[in-house]
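Everything on this sheet refers to the single structure shown next.
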Amino acid sequence: MILIDIEKSLFSSKGVFKLEVSFEIQEKEFLALFGKSGAGKTTILRIIAGLEKPDKGIIRVCDSIYFDSYKNINLPPQKRKVGLVFQNYALFPNMTVYENIAYGMDKRDKEKVYLILKMFKLEGLKDRYPNTLSGGQKQRVALARAIARQPKLLLLDEPLSALDYNLRLTLQNELKNIHKDYGLTTLLVSHDKSEIFKLADRVIFIENGKISKQGSPRDVFIEKNISGKFSFYGIVLDVKKDENVNILTVDVGGNLIEIVCNQEFSIGDEVLVSSKAFNPVIRKIEK
Amino acid sequence: MTEFILTFKLATITTVLLLILGLPIAYFLTFSKLKFKPILEVVVSLPLVLPPSVLGFYMLLVLGKNGFIGSFWEKFFGHQLAFHFEGIVIASIIFSIPFMVHPLISGLKSIDKDIIEASYTLGKSKLITFFKVILPNIKPALITGMTLSFAHAVGEFGVVLMIGGSIEGETKVVSIAIYDAVESLDFTKAHIYSAVLLGFSFFILLVVYMFNKRFEIKY
């Protein structure tokens, strides 16, 4: 079991705010941290990895204490068995794919590197340098490199945010399989609800450095006080006034829809679009 | 001919020692958050703005027979630093420091901090990270720093003259030989030496710029 209970003052563009979170991660769990950018999610990952020091608290991973401000323990990142996958992948440009993966192993084991290369479908790319890889390939290498070290906890910082939609779906499936096959304990930072819905067993909602909600993705993301059959989050892209109604253009997960309403909205508002339709038309999209 | 060999020897030794000395200084100046850092930054840059005579004068005081380092050196090696080859090596190192350290700093600053942190989280110490991740990724900066220091040491005149004088085979480098030749109205010699030095400097800078362009394309 992993225990994280930390406090740290953070400086953001909006001023100083306090990061104050306490949660546990069960073995082999896939936990997600969700929240707007600037809420402190990435800082939590960096603190767990040992790249930043909290003001006070405890971090315990299985039997080893990584940080304890009361006993003055603060293990350096080198001594923590966590794998961190950076948002921009942070591959070593001077090393090949093979060398990147082998770099973090305590003992260089050729067979194990090949096994991992195969697992991530990277055998054909082993002698390529990172700058010749596509975004999806870089992502796979970054993940493979983190897993090669056999971490007790895998930390993923918005790992798929730079990829296009289709690739993201493929990699989400791969991520899910790898998590299962390797028996990993994973902590994912993301602001993509559908990604979390697909991958995580549990989600923690972070707002302004504090936990505001937690539970299964279904419990956290689906508003229960609306009885509509459909409800989607969207962002208002445009507001057109027409006589005494407003015509809104709303971006719902990449789909643009027009909605007529008589309330006032402004561009950039986050909205919940719901409908009480009982017989929606549904058909499969031919690819 | 001895002047050319001496110049080449001086520049090579200066560059090698300066690389060993410059890397930790540049690393400190890039990553440290200590308060007295600006003072060290100023010290490193001083040789750019001070006239060589000022630097040479102070160094003569320190390196000479009665100077702090000079007297110490004389006790151990039997001769003083001023007017000897070792003396002009020290002078040339101090005078070329910014030409080594400044490119290294800009190289270190341009490195993606995430790859350094990634190396730490992969269990590698600061030292291993420095040699396996940082150094290979600042190759253009290393090459620029080394060639600029080398070229600058070849072309140095004022400080070397102040510290070393013009002793045949010991401190008389090409730049000083040219000065001597002009003084004694030996224009043929001055012409040849100057042309060689000009050609050499041009060539070395050309190599640096061409190499760095190729490096940019590769990465």
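Identifiers in the structure tokens: chain A, B, ... in order shown; residue index from 1 per chain; ligand index from 1 in order shown.
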Do a neighbour search on Lys213 (chain A) at 12 Å with only C-alpha atoms, toss out local chain neighbours closer than 3 positions, and write the hits as a PDB file with N, CA and C atoms, in the first residue's frame.
ATOM      1  N   VAL A  21      -2.837  17.444   0.350  1.00  0.00           N
ATOM      2  CA  VAL A  21      -3.561  16.250  -0.047  1.00  0.00           C
ATOM      3  C   VAL A  21      -3.125  15.048   0.772  1.00  0.00           C
ATOM      4  N   PHE A  23      -3.884  10.786   0.506  1.00  0.00           N
ATOM      5  CA  PHE A  23      -4.613   9.660  -0.092  1.00  0.00           C
ATOM      6  C   PHE A  23      -3.755   8.410  -0.083  1.00  0.00           C
ATOM      7  N   LEU A  33      -5.431  11.290 -11.010  1.00  0.00           N
ATOM      8  CA  LEU A  33      -5.619  12.613 -10.410  1.00  0.00           C
ATOM      9  C   LEU A  33      -6.191  13.500 -11.496  1.00  0.00           C
ATOM     10  N   PHE A  34      -7.327  14.098 -11.200  1.00  0.00           N
ATOM     11  CA  PHE A  34      -7.987  14.924 -12.201  1.00  0.00           C
ATOM     12  C   PHE A  34      -8.105  16.347 -11.684  1.00  0.00           C
ATOM     13  N   GLY A  35      -7.977  17.314 -12.576  1.00  0.00           N
ATOM     14  CA  GLY A  35      -8.148  18.700 -12.173  1.00  0.00           C
ATOM     15  C   GLY A  35      -7.673  19.621 -13.275  1.00  0.00           C
ATOM     16  N   ARG A 202     -10.129   4.398  -9.893  1.00  0.00           N
ATOM     17  CA  ARG A 202     -10.590   5.395  -8.940  1.00  0.00           C
ATOM     18  C   ARG A 202     -10.021   6.736  -9.375  1.00  0.00           C
ATOM     19  N   VAL A 203     -10.712   7.803  -9.067  1.00  0.00           N
ATOM     20  CA  VAL A 203     -10.212   9.120  -9.457  1.00  0.00           C
ATOM     21  C   VAL A 203     -10.304  10.069  -8.264  1.00  0.00           C
ATOM     22  N   ILE A 204      -9.287  10.923  -8.173  1.00  0.00           N
ATOM     23  CA  ILE A 204      -9.277  11.963  -7.147  1.00  0.00           C
ATOM     24  C   ILE A 204      -9.341  13.306  -7.858  1.00  0.00           C
ATOM     25  N   PHE A 205     -10.315  14.100  -7.484  1.00  0.00           N
ATOM     26  CA  PHE A 205     -10.535  15.391  -8.126  1.00  0.00           C
ATOM     27  C   PHE A 205      -9.822  16.450  -7.295  1.00  0.00           C
ATOM     28  N   ILE A 206      -8.870  17.132  -7.908  1.00  0.00           N
ATOM     29  CA  ILE A 206      -8.096  18.134  -7.174  1.00  0.00           C
ATOM     30  C   ILE A 206      -8.466  19.539  -7.631  1.00  0.00           C
ATOM     31  N   GLU A 207      -8.838  20.367  -6.682  1.00  0.00           N
ATOM     32  CA  GLU A 207      -9.145  21.764  -7.001  1.00  0.00           C
ATOM     33  C   GLU A 207      -8.380  22.660  -6.041  1.00  0.00           C
ATOM     34  N   LYS A 210      -6.482  21.068  -3.188  1.00  0.00           N
ATOM     35  CA  LYS A 210      -7.162  20.215  -2.200  1.00  0.00           C
ATOM     36  C   LYS A 210      -7.996  19.157  -2.929  1.00  0.00           C
ATOM     37  N   SER A 216     -15.171   6.330  -7.752  1.00  0.00           N
ATOM     38  CA  SER A 216     -15.032   5.751  -9.083  1.00  0.00           C
ATOM     39  C   SER A 216     -15.300   6.865 -10.099  1.00  0.00           C
ATOM     40  N   PRO A 217     -14.728   6.751 -11.307  1.00  0.00           N
ATOM     41  CA  PRO A 217     -14.929   7.808 -12.306  1.00  0.00           C
ATOM     42  C   PRO A 217     -16.416   8.098 -12.530  1.00  0.00           C
ATOM     43  N   ARG A 218     -17.230   7.050 -12.473  1.00  0.00           N
ATOM     44  CA  ARG A 218     -18.666   7.239 -12.684  1.00  0.00           C
ATOM     45  C   ARG A 218     -19.257   8.144 -11.597  1.00  0.00           C
ATOM     46  N   ASP A 219     -18.894   7.861 -10.365  1.00  0.00           N
ATOM     47  CA  ASP A 219     -19.435   8.656  -9.258  1.00  0.00           C
ATOM     48  C   ASP A 219     -18.958  10.097  -9.309  1.00  0.00           C
ATOM     49  N   VAL A 220     -17.690  10.274  -9.677  1.00  0.00           N
ATOM     50  CA  VAL A 220     -17.125  11.618  -9.618  1.00  0.00           C
ATOM     51  C   VAL A 220     -17.575  12.474 -10.794  1.00  0.00           C
ATOM     52  N   PHE A 221     -17.667  11.852 -11.978  1.00  0.00           N
ATOM     53  CA  PHE A 221     -17.895  12.673 -13.169  1.00  0.00           C
ATOM     54  C   PHE A 221     -19.351  12.844 -13.569  1.00  0.00           C
TER      55      PHE A 221
END
Please report as a Markdown table every residue of chain A lying within 6 Å of chain B, along with the nearest atom pair and their distance in Å (one decimal), using only C-alpha atoms.
| residue | atom | partner | partner_atom | distance |
| --- | --- | --- | --- | --- |
| A:Pro77 | CA | B:Thr121 | CA | 5.2 |
| A:Gln78 | CA | B:Gly123 | CA | 3.9 |
| A:Ala90 | CA | B:Ile115 | CA | 4.9 |
| A:Gly104 | CA | B:Leu122 | CA | 4.7 |
Output for the residues just chosen: N, CA and C atoms as a short mmCIF file (atom, residue, chain, number, x, y, z; two decimals), in the first residue's frame:
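Below is the file result-v7.cif, written as the result:
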data_model
loop_
_atom_site.label_atom_id
_atom_site.label_comp_id
_atom_site.auth_asym_id
_atom_site.auth_seq_id
_atom_site.Cartn_x
_atom_site.Cartn_y
_atom_site.Cartn_z
N PRO A 77 15.70 11.19 -5.43
CA PRO A 77 14.96 10.49 -6.49
C PRO A 77 15.63 9.17 -6.90
N GLN A 78 16.96 9.14 -6.84
CA GLN A 78 17.69 7.94 -7.27
C GLN A 78 17.33 6.71 -6.44
N ALA A 90 10.80 13.35 -22.37
CA ALA A 90 12.15 13.48 -21.82
C ALA A 90 13.06 12.31 -22.18
N GLY A 104 18.14 2.82 -17.48
CA GLY A 104 17.66 2.83 -16.10
C GLY A 104 17.78 1.50 -15.37
#
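The gap separating CA of Leu19 (chain B) from CA of Gly145 (chain B) is 8.1 Å, in Å to one decimal.
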Close residues, Ser194 (chain A) itself excluded, 12 Å, only C-alpha atoms, min 3 positions apart in chain, as a PyMOL selection string: chain A and resi 32+34+165+168-169+172+190-191+197-200+203+217-218+221-222+232-233+252-253
Which residues are near Ile25 (chain B)? Cut-off 10 Å, only C-alpha atoms, ignore same chain within fewer than 6 positions. Put them as a ChimeraX atom specification. /B:19,40-41,44,97,101,104-105
For Val174 (chain B): contacts at 12 Å, only C-alpha atoms, fewer than 2 positions along chain excluded, given as a PyMOL selection string: chain B and resi 1-11+153-157+160-161+166-172+176-181+189-198
